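One file, work-v1.csv, carrying CSV, C-alpha atoms:
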chain,number,residue,atom,x,y,z
B,1,MET,CA,145.4,219.0,133.6
B,2,ASP,CA,143.5,215.7,134.1
B,3,GLN,CA,141.9,217.2,137.3
B,4,ASP,CA,140.2,219.8,135.2
B,5,LEU,CA,138.3,217.2,133.3
B,6,PRO,CA,134.9,215.7,134.3
B,7,HIS,CA,135.3,212.5,136.4
B,8,THR,CA,134.1,210.3,133.5
B,9,GLU,CA,136.8,211.7,131.2
B,10,ARG,CA,139.8,211.3,133.6
B,11,GLN,CA,142.3,208.5,133.2
B,12,GLY,CA,142.2,205.7,135.8
B,13,HIS,CA,145.2,204.5,137.8
B,14,ARG,CA,145.9,201.6,135.4
B,15,GLU,CA,148.3,201.8,132.5
B,16,SER,CA,149.1,199.8,129.3
B,17,LEU,CA,145.9,197.7,129.3
B,18,GLU,CA,147.0,196.1,126.0
B,19,LYS,CA,149.8,194.3,127.9
B,20,LEU,CA,147.5,192.6,130.4
B,21,SER,CA,146.3,189.1,130.2
B,22,VAL,CA,142.6,188.4,129.6
B,23,LEU,CA,142.3,187.3,133.3
B,24,GLU,CA,144.0,190.5,134.4
B,25,LEU,CA,141.7,192.6,132.2
B,26,LEU,CA,138.5,190.9,133.6
B,27,GLN,CA,139.7,191.3,137.2
B,28,GLY,CA,140.5,194.9,136.6
B,29,ILE,CA,137.0,195.6,135.1
B,30,ASN,CA,135.4,193.8,138.0
B,31,GLU,CA,137.4,195.7,140.6
B,32,GLU,CA,136.2,199.0,139.0
B,33,ASP,CA,132.6,197.8,139.0
B,34,GLN,CA,132.7,197.5,142.8
B,35,ALA,CA,132.3,201.3,143.0
B,36,VAL,CA,129.0,201.2,141.1
B,37,ALA,CA,126.6,199.9,143.8
B,38,ASN,CA,128.0,202.4,146.3
B,39,ALA,CA,127.5,205.2,143.9
B,40,ALA,CA,123.9,204.2,143.4
B,41,GLN,CA,123.4,203.9,147.1
B,42,SER,CA,124.8,207.4,147.8
B,43,VAL,CA,121.9,209.0,145.8
B,44,ILE,CA,119.0,207.0,147.1
B,45,PRO,CA,117.6,210.1,149.0
B,46,GLU,CA,117.7,212.1,145.8
B,47,ILE,CA,116.0,209.3,143.9
B,48,ALA,CA,113.3,209.0,146.6
B,49,ALA,CA,112.6,212.7,146.5
B,50,PHE,CA,112.1,212.5,142.8
B,51,VAL,CA,109.9,209.5,142.9
B,52,ASP,CA,107.8,211.2,145.5
B,53,ALA,CA,107.3,214.1,143.2
B,54,LEU,CA,106.7,211.9,140.1
B,55,VAL,CA,104.1,209.5,141.4
B,56,PRO,CA,101.3,212.0,142.0
B,57,ARG,CA,101.7,213.4,138.5
B,58,MET,CA,101.5,209.9,137.0
B,59,GLN,CA,98.4,209.2,139.1
B,60,GLN,CA,96.8,212.1,137.4
B,61,GLY,CA,97.7,210.8,133.9
B,62,GLY,CA,101.1,212.3,133.4
B,63,ARG,CA,103.8,210.6,131.4
B,64,LEU,CA,107.4,209.9,132.1
B,65,PHE,CA,110.0,210.8,129.4
B,66,TYR,CA,113.6,209.6,129.5
B,67,MET,CA,116.0,211.5,127.2
B,68,GLY,CA,119.6,210.8,126.3
B,69,ALA,CA,122.2,210.3,123.6
B,70,GLY,CA,124.2,207.2,122.9
B,71,THR,CA,124.4,204.7,125.7
B,72,SER,CA,122.4,207.0,128.0
B,73,GLY,CA,119.6,207.2,125.5
B,74,ARG,CA,119.6,203.5,124.8
B,75,LEU,CA,119.3,202.8,128.6
B,76,GLY,CA,116.3,205.0,128.9
B,77,ILE,CA,114.6,203.3,125.9
B,78,VAL,CA,115.3,199.9,127.5
B,79,ASP,CA,113.7,200.9,130.8
B,80,ALA,CA,110.7,202.5,129.1
B,81,SER,CA,110.1,199.5,126.8
B,82,GLU,CA,110.1,197.1,129.7
B,83,CYS,CA,107.3,198.9,131.6
B,84,PRO,CA,104.3,197.7,129.6
B,85,PRO,CA,105.2,194.0,129.6
B,86,THR,CA,106.4,194.0,133.2
B,87,PHE,CA,103.7,196.2,134.8
B,88,GLY,CA,100.9,196.1,132.3
B,89,VAL,CA,100.9,199.9,131.8
B,90,PRO,CA,99.9,201.4,128.4
B,91,HIS,CA,102.5,202.0,125.8
B,92,GLY,CA,103.2,205.7,125.9
B,93,MET,CA,103.1,206.0,129.6
B,94,VAL,CA,106.9,205.8,129.9
B,95,ILE,CA,108.7,207.0,126.8
B,96,GLY,CA,112.4,206.8,125.9
B,97,LEU,CA,113.8,209.3,123.4
B,98,ILE,CA,117.3,209.3,121.9
B,99,ALA,CA,119.3,211.9,120.1
B,100,GLY,CA,119.2,211.0,116.4
B,101,GLY,CA,115.9,209.1,116.6
B,102,ASP,CA,115.2,205.4,116.4
B,103,ASP,CA,118.1,204.9,114.0
B,104,ALA,CA,120.5,205.8,116.8
B,105,ILE,CA,119.3,202.9,118.9
B,106,ARG,CA,121.5,200.5,116.9
B,107,LYS,CA,123.9,202.9,115.2
B,108,ALA,CA,125.5,206.1,116.3
B,109,VAL,CA,124.2,209.2,114.5
B,110,GLU,CA,127.0,211.7,114.2
B,111,PHE,CA,126.7,215.0,116.1
B,112,ALA,CA,123.0,214.3,116.9
B,113,GLU,CA,123.7,215.0,120.6
B,114,ASP,CA,125.1,218.4,119.8
B,115,ASP,CA,121.8,220.0,118.7
B,116,GLU,CA,120.5,221.9,121.7
B,117,THR,CA,117.1,222.5,120.3
B,118,GLN,CA,116.2,219.0,118.9
B,119,GLY,CA,115.4,217.5,122.3
B,120,TRP,CA,112.5,219.9,122.9
B,121,ARG,CA,111.3,219.4,119.4
B,122,ASP,CA,111.2,215.7,120.0
B,123,LEU,CA,109.2,216.2,123.2
B,124,SER,CA,106.9,218.6,121.4
B,125,ASP,CA,106.2,215.8,118.8
B,126,HIS,CA,104.7,213.9,121.7
B,127,ASN,CA,102.5,216.8,122.7
B,128,ILE,CA,104.2,217.1,126.0
B,129,GLN,CA,102.1,218.7,128.8
B,130,SER,CA,102.8,220.4,132.1
B,131,ILE,CA,101.7,217.3,134.0
B,132,ASP,CA,104.4,215.2,132.3
B,133,THR,CA,107.9,214.6,133.7
B,134,VAL,CA,111.3,214.6,131.9
B,135,VAL,CA,114.5,212.8,133.0
B,136,GLY,CA,117.6,213.8,131.2
B,137,ILE,CA,120.3,211.1,131.2
B,138,ALA,CA,123.9,212.0,130.4
B,139,ALA,CA,127.0,210.6,132.1
B,140,SER,CA,129.0,213.7,131.2
B,141,GLY,CA,126.2,216.1,132.3
B,142,ARG,CA,127.0,218.3,129.3
B,143,THR,CA,125.1,216.8,126.4
B,144,PRO,CA,123.4,219.7,124.5
B,145,TYR,CA,120.5,217.6,123.3
B,146,VAL,CA,119.5,216.7,126.9
B,147,ILE,CA,120.3,220.1,128.5
B,148,GLY,CA,118.2,221.9,125.9
B,149,ALA,CA,115.3,219.6,126.4
B,150,VAL,CA,115.2,219.8,130.2
B,151,THR,CA,115.7,223.5,130.2
B,152,GLU,CA,112.7,224.1,128.0
B,153,ALA,CA,110.7,221.5,129.9
B,154,ARG,CA,111.3,223.3,133.2
B,155,LYS,CA,110.4,226.7,131.7
B,156,ASN,CA,107.1,225.1,130.7
B,157,GLY,CA,106.3,223.9,134.2
B,158,ILE,CA,107.2,220.3,133.6
B,159,LEU,CA,108.9,218.3,136.4
B,160,THR,CA,112.5,217.6,135.5
B,161,ALA,CA,115.3,215.4,136.9
B,162,CYS,CA,118.6,214.1,135.6
B,163,ILE,CA,120.9,211.1,136.0
B,164,THR,CA,124.6,212.1,135.6
B,165,CYS,CA,128.0,210.9,136.8
B,166,ASN,CA,129.8,214.3,137.1
B,167,MET,CA,129.4,216.9,139.8
B,168,HIS,CA,128.6,220.6,139.1
B,169,SER,CA,127.5,220.0,135.5
B,170,LYS,CA,125.2,222.1,133.4
B,171,LEU,CA,122.7,219.4,133.4
B,172,GLU,CA,122.6,219.2,137.2
B,173,GLU,CA,122.0,222.9,137.3
B,174,ALA,CA,119.2,222.8,134.8
B,175,VAL,CA,116.8,220.4,136.6
B,176,GLU,CA,114.8,220.4,139.8
B,177,HIS,CA,115.9,216.9,140.9
B,178,PRO,CA,119.5,216.2,140.1
B,179,ILE,CA,120.7,212.7,140.7
B,180,VAL,CA,124.5,212.7,140.6
B,181,ALA,CA,126.1,209.3,141.0
B,182,VAL,CA,129.9,209.7,140.7
B,183,THR,CA,131.5,206.4,139.6
B,184,GLY,CA,134.9,208.0,138.8
B,185,PRO,CA,137.2,207.3,135.8
B,186,GLU,CA,136.4,204.4,133.6
B,187,PHE,CA,138.6,201.3,133.1
B,188,VAL,CA,138.9,202.4,129.4
B,189,THR,CA,139.2,206.2,129.6
B,190,GLY,CA,136.0,207.9,128.7
B,191,SER,CA,134.1,204.7,127.9
B,192,THR,CA,130.9,205.6,129.9
B,193,ARG,CA,129.1,202.5,128.7
B,194,MET,CA,130.9,200.8,131.5
B,195,LYS,CA,130.6,202.1,135.1
B,196,ALA,CA,128.6,205.2,134.3
B,197,GLY,CA,126.2,203.2,132.1
B,198,THR,CA,125.8,200.5,134.8
B,199,VAL,CA,124.9,203.0,137.5
B,200,GLN,CA,122.5,204.7,135.2
B,201,LYS,CA,120.8,201.4,134.6
B,202,LEU,CA,120.6,200.7,138.4
B,203,ILE,CA,119.0,204.1,139.0
B,204,LEU,CA,116.5,203.7,136.2
B,205,ASN,CA,115.5,200.4,137.7
B,206,MET,CA,114.9,202.1,141.0
B,207,ILE,CA,112.9,204.9,139.5
B,208,SER,CA,110.6,202.8,137.3
B,209,THR,CA,110.2,199.9,139.8
B,210,ALA,CA,109.5,202.1,142.8
B,211,THR,CA,107.1,204.2,140.8
B,212,MET,CA,105.1,201.3,139.5
B,213,ILE,CA,104.9,199.8,142.9
B,214,ARG,CA,103.5,203.0,144.3
B,215,LEU,CA,101.0,203.1,141.4
B,216,GLY,CA,99.7,199.7,142.5
B,217,ARG,CA,101.2,197.6,139.8
B,218,VAL,CA,102.7,195.1,142.2
B,219,GLN,CA,101.0,193.1,144.9
B,220,GLY,CA,103.3,191.5,147.5
B,221,THR,CA,106.2,190.9,145.2
B,222,ARG,CA,104.1,189.8,142.2
B,223,MET,CA,103.9,191.5,138.8
B,224,VAL,CA,100.1,191.0,138.8
B,225,ASP,CA,99.5,193.1,135.7
B,226,MET,CA,102.3,191.7,133.5
B,227,GLN,CA,101.5,190.9,129.9
B,228,LEU,CA,101.1,187.2,129.0
B,229,SER,CA,103.2,187.5,125.9
B,230,ASN,CA,105.0,184.1,125.9
B,231,ASN,CA,104.8,180.7,127.5
B,232,LYS,CA,107.3,181.5,130.2
B,233,LEU,CA,105.1,184.4,131.4
B,234,VAL,CA,102.0,182.3,131.3
B,235,ASP,CA,103.7,179.7,133.5
B,236,ARG,CA,104.8,182.4,135.9
B,237,GLY,CA,101.4,183.9,136.0
B,238,THR,CA,99.9,180.5,136.6
B,239,ARG,CA,102.1,179.9,139.6
B,240,MET,CA,101.1,183.3,141.0
B,241,VAL,CA,97.4,182.5,140.6
B,242,MET,CA,98.0,179.1,142.2
B,243,GLU,CA,99.8,180.7,145.2
B,244,ALA,CA,97.0,183.3,145.6
B,245,THR,CA,94.0,181.0,145.2
B,246,GLY,CA,95.1,177.4,146.0
B,247,LEU,CA,93.8,176.2,142.6
B,248,SER,CA,95.4,173.4,140.7
B,249,ALA,CA,97.8,174.3,137.8
B,250,GLU,CA,95.2,173.4,135.2
B,251,HIS,CA,92.4,175.5,136.8
B,252,ALA,CA,94.8,178.4,137.5
B,253,GLU,CA,96.0,178.6,133.9
B,254,LYS,CA,92.5,178.5,132.6
B,255,LEU,CA,91.4,181.3,134.9
B,256,LEU,CA,94.5,183.3,134.0
B,257,THR,CA,94.2,183.0,130.2
B,258,THR,CA,90.4,183.7,130.4
B,259,HIS,CA,90.9,186.9,132.3
B,260,GLY,CA,94.2,188.0,130.9
B,261,SER,CA,96.2,189.0,134.0
B,262,VAL,CA,97.0,187.6,137.4
B,263,ARG,CA,95.1,190.5,139.1
B,264,LYS,CA,91.9,189.9,137.2
B,265,ALA,CA,92.1,186.1,137.6
B,266,VAL,CA,92.5,186.3,141.4
B,267,GLU,CA,89.8,189.0,141.7
B,268,HIS,CA,87.4,186.9,139.7
B,269,HIS,CA,88.2,183.8,141.9
B,270,ASN,CA,87.7,185.8,145.1
B,271,LYS,CA,84.4,187.2,144.0
B,272,GLY,CA,83.2,183.6,143.4

Rewrite the structure from the file as structure tokens, please.
Amino acid sequence: MDQDLPHTERQGHRESLEKLSVLELLQGINEEDQAVANAAQSVIPEIAAFVDALVPRMQQGGRLFYMGAGTSGRLGIVDASECPPTFGVPHGMVIGLIAGGDDAIRKAVEFAEDDETQGWRDLSDHNIQSIDTVVGIAASGRTPYVIGAVTEARKNGILTACITCNMHSKLEEAVEHPIVAVTGPEFVTGSTRMKAGTVQKLILNMISTATMIRLGRVQGTRMVDMQLSNNKLVDRGTRMVMEATGLSAEHAEKLLTTHGSVRKAVEHHNKG
């Protein structure tokens, strides 16, 4: 019976977790987590193929949409929200959508993920275009909100991909670029915020970081377009300018704050 279930819903080999000590619980969780990096590594070719298709579209002004429910939706929102401060791209270039709307970021909205038409309506509210790209995120691979959205997106000529942790799912079949990272049963049966959520986060990191590097938002290893939104980032940017120009900390910080980014500060110095 258990073998008929998706991998993420199957019971692991451990029993009676409530009888284990805290140390045993933590060791068990950590042992399960060892599978996550390998699962991410196994799908690198699929991620690469997707990024290669995504970058030209974004170079032409296309946007990247992440869509999910519950943990998957929240992970997409986190990744999208980090792109402007990290890479200096405009808000709205990478967008995270979650079943149930913004209220669902903090509190579960009952049955929101079961509406197969709402995902496309949410995309339509953003005036989605054929040049845009949609990534459906669902550990189970069977979330109606996500499947409905990517299905309609693909019908409209929009590039589609998915991140899921179960093989042969409806979501995998619905997209052009399926990324299927199988992490197996969870330590707590069905709790996909654990291994499945972790591998989704790793893959989202890969997609957004590789894409932004290919879009020219990193020089060397430096986030040269990052937003200077707090003192820590001003200090980081100052060090970058110092390394690139040989200026003192005082002069580097003045140049940075005057021009607003590491890139512009260094370019101004080099022109002089």

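In this comparison, which uses all atoms listed in the file, the residue of B:Val175, B:Met58, B:Ile137, B:Val43 approaching B:Met212 most closely is B:Met58.
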
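Relative to atom CA of B:Gln41, atom CA of B:Ile207 is found at 13.0 Å.
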
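Closest approach to B:Leu75 from the set B:Lys201, B:Arg239, B:Lys264, B:Arg57 is made by B:Lys201, with distances taken over all atoms listed in the file.
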
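Counting all atoms listed in the file, B:Gly190 has the following residues at most 12 Å away, ignoring those fewer than 3 positions along the same chain: Leu5, Pro6, His7, Thr8, Glu9, Arg10, Gln11, Gly12, Ala139, Ser140, Cys165, Thr183, Gly184, Pro185, Glu186, Phe187, Arg193, Met194, Lys195, Ala196 and Gly197 of chain B.
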
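Nearest to B:Ala174 of all the residues B:Ile203, B:Thr198, B:Val134, B:Pro90 is B:Val134, based on only C-alpha atoms.
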
(message) For a quick check of your reading of the model, name the residues lying within 6 Å of the coordinate (96.5, 181.9, 137.0), counting only C-alpha atoms, and write them as a ChimeraX atom specification.
(response) /B:237-238,241,252-253,255-256,262

(request) Do a neighbour search on B:Ile105 at 9 Å with all atoms listed in the file, toss out local chain neighbours closer than 3 positions, and write the hits as a ChimeraX atom specification. (result) /B:70-71,73-74,77,98,100-102,108

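Nearest to B:Ala181 of all the residues B:Gly141, B:Pro85, B:Gly157, B:Gly61 is B:Gly141, counting all atoms listed in the file.
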
(request) Pick out the residues sitting within 12 Å of B:Arg222, and hand them over as a VMD selection string; count all atoms listed in the file, and ignore anything fewer than 3 positions along from it in its own chain. (result) chain B and resid 86 to 87 212 to 213 216 to 219 225 to 226 236 to 241 243 to 244 261 to 263

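Interatomic distance, atom CA of B:Ala39 against atom CA of B:Met167: 12.5 Å.
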
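The neighbours of B:Pro56 here are the residues that come within 12 Å of it, using only C-alpha atoms and leaving out any residue fewer than 3 positions away in the same chain; they are B:Phe50, B:Val51, B:Asp52, B:Ala53, B:Gln59, B:Gln60, B:Gly61, B:Gly62, B:Arg63, B:Leu64, B:Ile131, B:Asp132, B:Thr133, B:Leu159, B:Thr211, B:Met212, B:Arg214, B:Leu215.
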
(request) Point out the residue among B:Leu26, B:Leu17, B:Val89, B:Val135 with the least atom-to-atom distance to B:Phe65, counting all atoms listed in the file. (result) B:Val135

(request) Would you mind reading off the distance between atom CA of B:Thr257 and atom CA of B:Asn230, one decimal, in Å? (result) 11.7 Å

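Using all atoms listed in the file for every distance, the candidate list B:Ser229, B:Thr189, B:Ser208, B:Gln118 yields B:Ser208 as the residue closest to B:Val78.
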
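By chain and then residue number, the residues within 9 Å of B:Ser81 are Gly76, His91, Val94, Ile95 and Gly96 of chain B, counting all atoms listed in the file and disregarding those fewer than 5 positions away in sequence.
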
Will you model N, CA and C atoms for stretch 17-52 of chain B and pass it back as a PDB file, in the coordinates of the input?
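As a result, part04.pdb now contains:
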ATOM      1  N   LEU B  17     146.847 198.792 129.218  1.00  0.00           N
ATOM      2  CA  LEU B  17     145.900 197.700 129.300  1.00  0.00           C
ATOM      3  C   LEU B  17     146.185 196.623 128.220  1.00  0.00           C
ATOM      4  N   GLU B  18     146.748 197.040 127.099  1.00  0.00           N
ATOM      5  CA  GLU B  18     147.000 196.100 126.000  1.00  0.00           C
ATOM      6  C   GLU B  18     148.069 195.046 126.412  1.00  0.00           C
ATOM      7  N   LYS B  19     148.796 195.287 127.485  1.00  0.00           N
ATOM      8  CA  LYS B  19     149.800 194.300 127.900  1.00  0.00           C
ATOM      9  C   LYS B  19     149.318 193.353 128.969  1.00  0.00           C
ATOM     10  N   LEU B  20     148.079 193.526 129.417  1.00  0.00           N
ATOM     11  CA  LEU B  20     147.500 192.600 130.400  1.00  0.00           C
ATOM     12  C   LEU B  20     146.947 191.391 129.817  1.00  0.00           C
ATOM     13  N   SER B  21     146.928 190.319 130.602  1.00  0.00           N
ATOM     14  CA  SER B  21     146.300 189.100 130.200  1.00  0.00           C
ATOM     15  C   SER B  21     144.764 189.268 130.212  1.00  0.00           C
ATOM     16  N   VAL B  22     144.038 188.350 129.591  1.00  0.00           N
ATOM     17  CA  VAL B  22     142.600 188.400 129.600  1.00  0.00           C
ATOM     18  C   VAL B  22     142.101 188.336 131.088  1.00  0.00           C
ATOM     19  N   LEU B  23     142.692 187.449 131.882  1.00  0.00           N
ATOM     20  CA  LEU B  23     142.300 187.300 133.300  1.00  0.00           C
ATOM     21  C   LEU B  23     142.523 188.635 134.024  1.00  0.00           C
ATOM     22  N   GLU B  24     143.664 189.269 133.788  1.00  0.00           N
ATOM     23  CA  GLU B  24     144.000 190.500 134.400  1.00  0.00           C
ATOM     24  C   GLU B  24     142.988 191.637 134.000  1.00  0.00           C
ATOM     25  N   LEU B  25     142.635 191.638 132.731  1.00  0.00           N
ATOM     26  CA  LEU B  25     141.700 192.600 132.200  1.00  0.00           C
ATOM     27  C   LEU B  25     140.321 192.443 132.923  1.00  0.00           C
ATOM     28  N   LEU B  26     139.858 191.205 132.995  1.00  0.00           N
ATOM     29  CA  LEU B  26     138.500 190.900 133.600  1.00  0.00           C
ATOM     30  C   LEU B  26     138.546 191.266 135.080  1.00  0.00           C
ATOM     31  N   GLN B  27     139.624 190.928 135.769  1.00  0.00           N
ATOM     32  CA  GLN B  27     139.700 191.300 137.200  1.00  0.00           C
ATOM     33  C   GLN B  27     139.721 192.769 137.400  1.00  0.00           C
ATOM     34  N   GLY B  28     140.418 193.477 136.507  1.00  0.00           N
ATOM     35  CA  GLY B  28     140.500 194.900 136.600  1.00  0.00           C
ATOM     36  C   GLY B  28     139.099 195.567 136.400  1.00  0.00           C
ATOM     37  N   ILE B  29     138.392 195.092 135.389  1.00  0.00           N
ATOM     38  CA  ILE B  29     137.000 195.600 135.100  1.00  0.00           C
ATOM     39  C   ILE B  29     136.141 195.351 136.345  1.00  0.00           C
ATOM     40  N   ASN B  30     136.222 194.141 136.884  1.00  0.00           N
ATOM     41  CA  ASN B  30     135.400 193.800 138.000  1.00  0.00           C
ATOM     42  C   ASN B  30     135.729 194.634 139.262  1.00  0.00           C
ATOM     43  N   GLU B  31     137.014 194.894 139.456  1.00  0.00           N
ATOM     44  CA  GLU B  31     137.400 195.700 140.600  1.00  0.00           C
ATOM     45  C   GLU B  31     136.815 197.148 140.436  1.00  0.00           C
ATOM     46  N   GLU B  32     136.839 197.684 139.226  1.00  0.00           N
ATOM     47  CA  GLU B  32     136.200 199.000 139.000  1.00  0.00           C
ATOM     48  C   GLU B  32     134.732 198.977 139.267  1.00  0.00           C
ATOM     49  N   ASP B  33     134.104 197.883 138.883  1.00  0.00           N
ATOM     50  CA  ASP B  33     132.600 197.800 139.000  1.00  0.00           C
ATOM     51  C   ASP B  33     132.187 197.784 140.481  1.00  0.00           C
ATOM     52  N   GLN B  34     133.090 197.492 141.409  1.00  0.00           N
ATOM     53  CA  GLN B  34     132.700 197.500 142.800  1.00  0.00           C
ATOM     54  C   GLN B  34     132.209 198.847 143.292  1.00  0.00           C
ATOM     55  N   ALA B  35     132.645 199.893 142.602  1.00  0.00           N
ATOM     56  CA  ALA B  35     132.300 201.300 143.000  1.00  0.00           C
ATOM     57  C   ALA B  35     130.826 201.598 142.585  1.00  0.00           C
ATOM     58  N   VAL B  36     130.258 200.811 141.681  1.00  0.00           N
ATOM     59  CA  VAL B  36     129.000 201.200 141.100  1.00  0.00           C
ATOM     60  C   VAL B  36     127.839 201.152 142.079  1.00  0.00           C
ATOM     61  N   ALA B  37     127.714 200.044 142.806  1.00  0.00           N
ATOM     62  CA  ALA B  37     126.600 199.900 143.800  1.00  0.00           C
ATOM     63  C   ALA B  37     126.671 200.995 144.834  1.00  0.00           C
ATOM     64  N   ASN B  38     127.889 201.313 145.288  1.00  0.00           N
ATOM     65  CA  ASN B  38     128.000 202.400 146.300  1.00  0.00           C
ATOM     66  C   ASN B  38     127.617 203.726 145.745  1.00  0.00           C
ATOM     67  N   ALA B  39     127.934 203.972 144.472  1.00  0.00           N
ATOM     68  CA  ALA B  39     127.500 205.200 143.900  1.00  0.00           C
ATOM     69  C   ALA B  39     126.018 205.342 143.784  1.00  0.00           C
ATOM     70  N   ALA B  40     125.369 204.245 143.443  1.00  0.00           N
ATOM     71  CA  ALA B  40     123.900 204.200 143.400  1.00  0.00           C
ATOM     72  C   ALA B  40     123.316 204.427 144.796  1.00  0.00           C
ATOM     73  N   GLN B  41     123.906 203.761 145.766  1.00  0.00           N
ATOM     74  CA  GLN B  41     123.400 203.900 147.100  1.00  0.00           C
ATOM     75  C   GLN B  41     123.500 205.316 147.653  1.00  0.00           C
ATOM     76  N   SER B  42     124.543 206.018 147.242  1.00  0.00           N
ATOM     77  CA  SER B  42     124.800 207.400 147.800  1.00  0.00           C
ATOM     78  C   SER B  42     123.699 208.362 147.324  1.00  0.00           C
ATOM     79  N   VAL B  43     122.955 208.056 146.259  1.00  0.00           N
ATOM     80  CA  VAL B  43     121.900 209.000 145.800  1.00  0.00           C
ATOM     81  C   VAL B  43     120.515 208.511 146.007  1.00  0.00           C
ATOM     82  N   ILE B  44     120.343 207.514 146.841  1.00  0.00           N
ATOM     83  CA  ILE B  44     119.000 207.000 147.100  1.00  0.00           C
ATOM     84  C   ILE B  44     118.081 208.139 147.673  1.00  0.00           C
ATOM     85  N   PRO B  45     118.540 209.010 148.575  1.00  0.00           N
ATOM     86  CA  PRO B  45     117.600 210.100 149.000  1.00  0.00           C
ATOM     87  C   PRO B  45     117.169 210.983 147.878  1.00  0.00           C
ATOM     88  N   GLU B  46     118.050 211.284 146.928  1.00  0.00           N
ATOM     89  CA  GLU B  46     117.700 212.100 145.800  1.00  0.00           C
ATOM     90  C   GLU B  46     116.670 211.361 144.880  1.00  0.00           C
ATOM     91  N   ILE B  47     116.888 210.074 144.698  1.00  0.00           N
ATOM     92  CA  ILE B  47     116.000 209.300 143.900  1.00  0.00           C
ATOM     93  C   ILE B  47     114.596 209.241 144.569  1.00  0.00           C
ATOM     94  N   ALA B  48     114.583 209.046 145.877  1.00  0.00           N
ATOM     95  CA  ALA B  48     113.300 209.000 146.600  1.00  0.00           C
ATOM     96  C   ALA B  48     112.550 210.296 146.507  1.00  0.00           C
ATOM     97  N   ALA B  49     113.253 211.419 146.628  1.00  0.00           N
ATOM     98  CA  ALA B  49     112.600 212.700 146.500  1.00  0.00           C
ATOM     99  C   ALA B  49     111.976 212.889 145.135  1.00  0.00           C
ATOM    100  N   PHE B  50     112.683 212.428 144.118  1.00  0.00           N
ATOM    101  CA  PHE B  50     112.100 212.500 142.800  1.00  0.00           C
ATOM    102  C   PHE B  50     110.926 211.641 142.579  1.00  0.00           C
ATOM    103  N   VAL B  51     111.000 210.396 143.012  1.00  0.00           N
ATOM    104  CA  VAL B  51     109.900 209.500 142.900  1.00  0.00           C
ATOM    105  C   VAL B  51     108.642 210.005 143.610  1.00  0.00           C
ATOM    106  N   ASP B  52     108.869 210.574 144.783  1.00  0.00           N
ATOM    107  CA  ASP B  52     107.800 211.200 145.500  1.00  0.00           C
ATOM    108  C   ASP B  52     107.083 212.290 144.772  1.00  0.00           C
TER     109      ASP B  52
END
